[in-house]
Each structure stands twice: as C-alpha cells, then as structure tokens.
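Single-structure report; data block below.
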Protein chains: 2
Amino acid sequence: MKVIHCDNRMLSLLEAIRPTTLIRSAKLIDYLGLDITIASETFQHTGSFKFRAAYNLAMNVPNDRFLTASSGNFGQALAYSAKLLGKQCTVVMPATSAQVKIDAVRGFGATVDLIDTKKVGRNERIEQLREQMPDAYVASPYDDQLVIDGNATLGHELLGENFDTIIVPIGGGGLISGTIEARKSGSLATPTLSNAETLRRGEDIKKSQRLSVSALTVDASRAAIFGAEPLHGNDAARSFRSGHLTANETEPTTIADGARTLSLGHLNWPIIRDGAKDILEVSDAKIAEAVRLYFSLANLKCEPTGALSLGAILENKALFKDKKVCVIVSGGNVDPDVYRSLLKG
Amino acid sequence: MKVIHCDNRMLSLLEAIRPTTLIRSAKLIDYLGLDITIASETFQHTGSFKFRAAYNLAMNVPNDRFLTASSGNFGQALAYSAKLLGKQCTVVMPATSAQVKIDAVRGFGATVDLIDTKKVGRNERIEQLREQMPDAYVASPYDDQLVIDGNATLGHELLGENFDTIIVPIGGGGLISGTIEARKSGSLATPTLSNAETLRRGEDIKKSQRLSVSALTVDASRAAIFGAEPLHGNDAARSFRSGHLTANETEPTTIADGARTLSLGHLNWPIIRDGAKDILEVSDAKIAEAVRLYFSLANLKCEPTGALSLGAILENKALFKDKKVCVIVSGGNVDPDVYRSLLKG
C-alpha cells in the first residue's frame with residue numbers, strides 16, 4: 001500500500017468537513033433486491049456536499065471576498081465557509097430559487113443578489129458585480145480545480161469501502177469529477193471518523209492540526225463511477241455519448257433544481273469523459289419515486305437532486321444486480337411545500 | 001478510570017446495533033440560541049431505538065417464539081430481531097396503527113394480529129394468544145429488564161460525549177430508564193464506531209466476536225436526564241410530581257403515537273422516580289413544530305414521538321440556556337400522509 005502524506009491544508013479541510021453518513025436500510029435492500037448503501041451528505045455542514053468544495057476553495061484563495069452564482073446549495077456552502085473564515089460573500093440567485101435556500105444563504109451572513117433570469121443571465125450579472133468588486137474571487141460551483149479537489153474528499157471516504165459501483169448525481173459535474181479524481185489517488189487511511197470524533201470536529205472547526213489523519217493510502221479501487229442526470233437536462237449524457245461537450249439550449253426545468261445547469265464545466269468534462277462508466281438519465285417521475293422510497297424505507301429526507309442516484313437505479317435495475325452499490329445523496333435542502341407534493345406522488 | 005469487562009453477550013449486542021447518528025446543525029443552533037446536539041435513532045435498524053431493546057431480549061431468552069403488543073416500533077424491532085435470530089414472532093397491534101408500521105412488521109416476517117381496541121384490550125388479547133402458544137415469551141416493549149439493558153447501550157454511547165443534559169422521549173419509560181441505568185455504569189470505552197465499522201457490523205450482524213470493543217469504562221458523568229412526554233397523556237409527569245405511579249384513564253390521543261401508553265412500567269417507574277431530573281410535558285402543537293424544525297433546519301425526518309425532546313425545549317427554552325444539550329430522536333417511522341399534514345402546520 002502506497003502512502004501519500006497530507007499537507008497542512010488538506011488536514012485543515014478534513015477537519016472542517018463532516019464525514020458522510022453511511023446508511024443501510026434492510027427495507028430498501030429487500031424492496032430493491034439489491035445491495036445498496038446510502039452515502040448521505042444531507043447532514044454535511046449546510047446540508048449538502050457543496051461545503052466540501054466551498055470550504056476548500058475559500059481557505060485556499062487569498063481573496064477576502066467571494067462572488068458566485070448558485071441556485072442555492074453552493075451559495076449556502078460558500079456563505080458559511082466565508083463566515084467561518086472571516087471573509088465576505090455575495091451570491092447571485094434566480095428569484096425563482098427555493099425560498100429555503102435564499103433564506104439560508106442570508107442566514108449565513110452573505111449578501112443575496114436576486115435576478116430575473118429572463119432579463120439578465122447569471123454570468124452577465126456576475127460580470128456586472130465583478131466590476132463593482134474587483135477584489136472578489138469569482139467562484140464556480142463546479143468548474144474550478146479547488147472545487148473538484150474539495151469534492152474528492154467524499155470519494156476518498158467512499159473508496160475505502162470497496163464498492164463495486166458508485167452512483168453520483170450530476171449537474172455541472174463537480175462531484176463526479178471529484179470522485180473520479182479521488183479514485184486516482186485512493187482512499188483515506190482512516191476512511192471515516194467516529195461520530196464522536198465528527199462531533200468534536202464540528203465544534204472546533206477552526207482549530208486545525210488536531211486530527212490524527214496524516215496520510216492517504218492508495219488502494220487499487222476499481223469502483224465503476226456512474227453519473228445520474230435528469231432526463232430533462234441531459235447535456236452530460238449527450239456529451240458522453242457523442243464524445244463532445246454539449247450544452248442544453250435553455251436552463252432545464254427538471255424538479256432536480258440543483259442540476260439545472262446548461263453544461264458540464266470545462267475542467268470537469270474531460271475528467272468525466274475519461275473516467276465515468278456511463279451517464280444515466282432519470283425521469284422526473286423516477287426522481288420523485290426515489291424521494292418517496294428514501295422517506296418510507298430509509299427515514300431519509302432528501303432533495304430531488306439528491307435522489308438522482310437512486311432514481312438511476314429505478315431506471316436501470318438490471319445493471320446493478322449482484323453489485324455492491326453506493327448511492328450518493330448529494331443534499332437535503334428542499335422547501336416543505338415541494339416535499340409535501342413529492343410525498344403525495 | 002474504572003474498567004468493566006463486557007461479556008460475550010454484550011459484545012454480540014454491540015455488534016448487532018448501529019451506533020446512534022450524532023448531528024449538529026448550525027441552523028438549528030442559531031435558531032434556538034442553544035448548544036444542541038441531535039442523537040438520531042432514525043437510522044437504527046428498523047428505524048427506531050427499539051431495536052436495541054428487542055435484540056437484547058430476543059438473544060437472551062431461550063424461547064423460540066415471541067408474543068408482544070406494540071403500536072408499531074417495538075413490533076418491527078422484535079420482528080426483525082426474531083428474523084435475524086431464526087425465531088418466530090407475533091405482534092398484536094391496534095387496527096388503527098400507522099399502516100407503514102403494520103406493513104413493516106409483516107415485512108420482517110412476523111405475524112400481525114390486528115385488534116379493535118374498543119372491543120378487546122391489548123393485554124386481554126395477549127392472554128388469549130398466550131393460551132394458544134404456551135411456549136411463547138411475552139415481551140413488554142418497556143417493562144422488562146432485558147429491554148432496559150438493551151436501551152442502556154444508547155446511554156453508554158451518549159455519556160461519552162459529556163453532555164450537561166440529555167432529553168429523552170417518554171412513553172412506557174423504557175428508553176429513559178435505560179439511559180439512567182447507563183449513567184450508573186458509565187460510557188463505552190470506544191463510544192461510537194466509525195461509519196465504516198458501523199457498515200461492516202450491519203453486514204455481518206450474526207458474526208460475533210469481531211469487535212474490538214472489550215470494555216466499558218466508568219466516568220463520572222453528571223448529565224441531567226429529562227423525560228419529554230406528550231401533554232395529552234402526561235401520566236409520567238403526574239407520577240413524578242406526586243411521587244406515586246399514576247396511570248392515564250384511557251389511551252391518550254396525542255399525535256405522538258409511540259407514547260400512547262397508559263402508564264410507566266413497574267420496573268421503569270422507580271428508576272425514573274429516583275434518577276430523572278424532571279418530566280417535561282409537550283403540547284401536540286410543539287411536537288408538530290419540532291418535527292418541522294428538524295425538517296427545515298437539520299434535514300432530519302422524524303416521527304412525532306421522536307420530536308418530543310426538541311418539543312420539550314420549545315416549551316422550556318430558559319431551562320437549557322448555556323447547557324450542552326443532547327436531544328434524543330427516538331425514531332423516524334411515520335406515514336407519509338401524517339408527515340405531510342405535520343409539515344403543512
């Protein structure tokens with residue numbers, strides 16, 4: 001086993017994030033007849049995996065101010081990361097974003113800039129604001145190496161579990177590219193910490209150097225990594241099939257609001273093209289069914305985007321027979337009214 | 001630090017259960033202005049803490065058949081424990097029980113005996129069935145030393161975290177009496193296992209002796225232990241105030257369906273009387289509000305009974321100021337329609 005030493009920045013990152021929550025439900029396993037383990041990021045700081053990316057970015061750039069466009073989860077994660085690090089943050093959000101996500105970004109002390117996306121594009125608005133704040137770092141929720149590296153921490157945790165298959169929700173491609181990057185370097189020597197240790201880390205988020213984690217070990221994980229993408233907004237699947245980066249013509253209308261991206265990022269695309277096993281398309285009906293199954297069979301509340309991985313299984317059950325499968329639930333932030341309507345079916 | 005050695009039976013029990021899930025939500029902490037840690041049993045096997053009790057009972061009695069009356073969670077837990085141990089189980093349930101709980105008991109291979117509680121009492125029906133199955137062990141969901149001992153495993157995990165205060169939902173008193181008993185003996189030497197280890201334990205539930213846990217250590221935990229009881233069905237609070245075990249005249253109608261008990265158990269009562277700090281009464285409105293707060297601020301799905309501890313805080317905020325508080329969420333099994341109506345508020 002090859003050992004890679006972590007530097008102090010990696011230690012600080014590992015100290016800040018919460019290890020993922022692994023859940024095995026006998027009811028879900030029996031219902032599907034498949035060996036499923038849930039890796040839930042719904043209890044990560046700010047309620048989604050995006051904190052891994054945002055904190056890594058916020059701690060590694062020298063700027064004291066951030067500017068980002070986000071439908072919500074990356075915005076919350078960057079807002080909280082900036083708060084923890086004593087920095088400033090402005091988040092451009094569509095006025096149609098889930099109210100719970102707008103409120104949360106504000107709750108973490110960031111400035112929210114609401115836009116009517118029919119009148120001004122997100123990127124256009126970012127350019128306008130960049131002129132007003134020339135010292136700000138403009139943070140992409142997925143198309144940034146620091147984002148990919150931050151997301152890789154989840155991959156490192158999971159690869160220690162020796163899954164045959166890992167299914168990852170895909171929007172801009174930040175999480176799946178991080179997972180693929182992690183497979184190149186291997187699993188964490190201490191793959192996940194105890195709950196008690198997690199708790200201590202959560203409390204002492206700024207006190208670095210206290211972790212006993214000091215190395216990454218490379219194992220020869222052969223996990224196949226699948227992307228799970230909304231059928232309404234299937235740019236990644238089309239790109240993967242054609243071999244050329246392809247964009248949606250307009251912002252997709254899928255219920256998976258965290259995956260309403262126009263296209264994969266330019267940094268993410270080649271990683272996905274070369275490293276993903278396949279990109280599976282999931283109908284909104286199967287996304288909603290997956291939300292209900294998590295609720296009823298695993299006591300797990302998740303947002304529609306978070307349910308994409310299980311949705312991909314519902315669309316392609318035969319593909320996962322006799323495999324040891326991990327479904328990543330990327331986040332849990334969803335408006336109560338949306339959730340109520342999803343539960344109704 | 002005094003070390004108590006675990007026997008093989010204790011090791012088998014610790015191997016079968018999943019450690020509790022500790023969750024800290026910055027949103028919830030900010031909203032309440034209190035230092036709150038959630039200990040969630042919603043991801044325990046069968047979705048509630050009852051598995052700790054049921055498995056300990058099922059593995060420690062020689063009988064091959066169990067008979068119990070349960071509104072659902074203990075029934076599921078005993079059904080699954082019996083299945084894991086190759087034993088038989090019959091569960092008497094009111095016909096008005098949550099359908100999801102009835103289905104789950106059946107799903108674990110047990111026989112469900114539905115009764116109209118207006119025509120025949122649970123105890124009366126148990127007596128009828130006992131005559132038909134003279135070899136069955138009649139299991140109380142709370143009033144049994146093996147149940148209390150099984151529940152104590154949660155207390156052992158939590159006492160290692162040095163909380164000032166632990167708030168425990170109370171129905172028949174099984175969980176709070178286990179928590180109090182645990183305080184007498186102390187915390188686990190390895191308080192909670194890593195997620196990875198949890199996973200391995202979940203998979204190899206019958207392979208005992210693989211755990212490295214070999215001892216309990218006694219620390220001088222001084223945690224104050226509060227019970228949280230529905231106001232509609234406040235027999236425990238009235239018993240605690242009067243010093244005499246007092247029963248409800250009829251089955252309470254609270255939305256906390258896991259706490260619709262007539263009275264505390266005879267074994268539980270003296271433990272609670274002597275060891276609890278207080279029993280706090282929670283209105284159904286505050287129970288529902290707590291369910292909504294868990295949903296919106298912590299991404300946690302819980303059943304009404306599971307929300308009692310947070311409900312007790314909402315009723316008595318000043319009591320917990322400047323304390324390091326643990327709220328136990330006892331379970332997560334709730335019908336989708338009931339949950340939808342709770343979310344609507």
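Each chain of the structure tokens is named A, B, ... in the order shown, its residues numbered from 1; ligands are numbered from 1 in display order.
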
| request: Define the interface residues of chain B facing chain A as those within 9 Å, counting only C-alpha atoms, and report them as number ranges by chain. | output: B: 19-27, 37, 42-47, 100, 104, 107-108, 157, 160-161, 191-199, 202-203, 292, 295-302, 331-337, 339-341, 343-344

| said: I want to know what sits within 9 Å of A:Leu146, based on only C-alpha atoms, with residues of the same chain fewer than 5 positions away left out; could you give that as a list in words? | reply: Ala53, Ala54, Asn56, Leu57, Ala58, Asn60 and Asn151 of chain A

How about saving the chosen residues, N, CA and C atoms kept, as a PDB file, in the first residue's frame?
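Listed below is the output, again.pdb:
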```pdb
ATOM      1  N   ALA A  53     -16.463  21.454  -1.238  1.00  0.00           N
ATOM      2  CA  ALA A  53     -15.868  22.245  -2.304  1.00  0.00           C
ATOM      3  C   ALA A  53     -15.644  23.688  -1.866  1.00  0.00           C
ATOM      4  N   ALA A  54     -16.688  24.252  -1.281  1.00  0.00           N
ATOM      5  CA  ALA A  54     -16.657  25.680  -0.954  1.00  0.00           C
ATOM      6  C   ALA A  54     -15.589  25.983   0.091  1.00  0.00           C
ATOM      7  N   ASN A  56     -12.887  24.254   0.764  1.00  0.00           N
ATOM      8  CA  ASN A  56     -11.551  24.084   0.176  1.00  0.00           C
ATOM      9  C   ASN A  56     -11.168  25.299  -0.660  1.00  0.00           C
ATOM     10  N   LEU A  57     -12.138  25.814  -1.394  1.00  0.00           N
ATOM     11  CA  LEU A  57     -11.880  26.999  -2.208  1.00  0.00           C
ATOM     12  C   LEU A  57     -11.628  28.216  -1.308  1.00  0.00           C
ATOM     13  N   ALA A  58     -12.517  28.416  -0.350  1.00  0.00           N
ATOM     14  CA  ALA A  58     -12.444  29.631   0.473  1.00  0.00           C
ATOM     15  C   ALA A  58     -11.156  29.699   1.290  1.00  0.00           C
ATOM     16  N   ASN A  60      -8.271  28.353   0.360  1.00  0.00           N
ATOM     17  CA  ASN A  60      -7.062  28.261  -0.464  1.00  0.00           C
ATOM     18  C   ASN A  60      -6.829  29.444  -1.393  1.00  0.00           C
ATOM     19  N   ASN A 151     -14.375  18.288  -3.401  1.00  0.00           N
ATOM     20  CA  ASN A 151     -15.343  17.196  -3.566  1.00  0.00           C
ATOM     21  C   ASN A 151     -14.672  15.824  -3.524  1.00  0.00           C
TER      22      ASN A 151
END
```

| Sel. of helix (DSSP H, G or I) residues, stretch 71-268 of chain A, as JSON, numbers by chain | {"A": [73, 74, 75, 76, 77, 78, 79, 80, 81, 82, 83, 84, 85, 99, 100, 101, 102, 103, 104, 105, 106, 107, 122, 123, 124, 125, 126, 127, 128, 129, 130, 131, 132, 145, 146, 147, 148, 149, 150, 151, 152, 153, 154, 155, 156, 157, 158, 159, 174, 175, 176, 177, 178, 179, 180, 181, 182, 183, 184, 185, 195, 196, 197, 198, 199, 200, 201, 202, 203, 235, 236, 237, 238, 239, 240, 241, 242, 257, 258, 259, 268]}

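Coordinates place atom CA of A:Thr305 at a distance of 9.5 Å from atom CA of A:Arg260.
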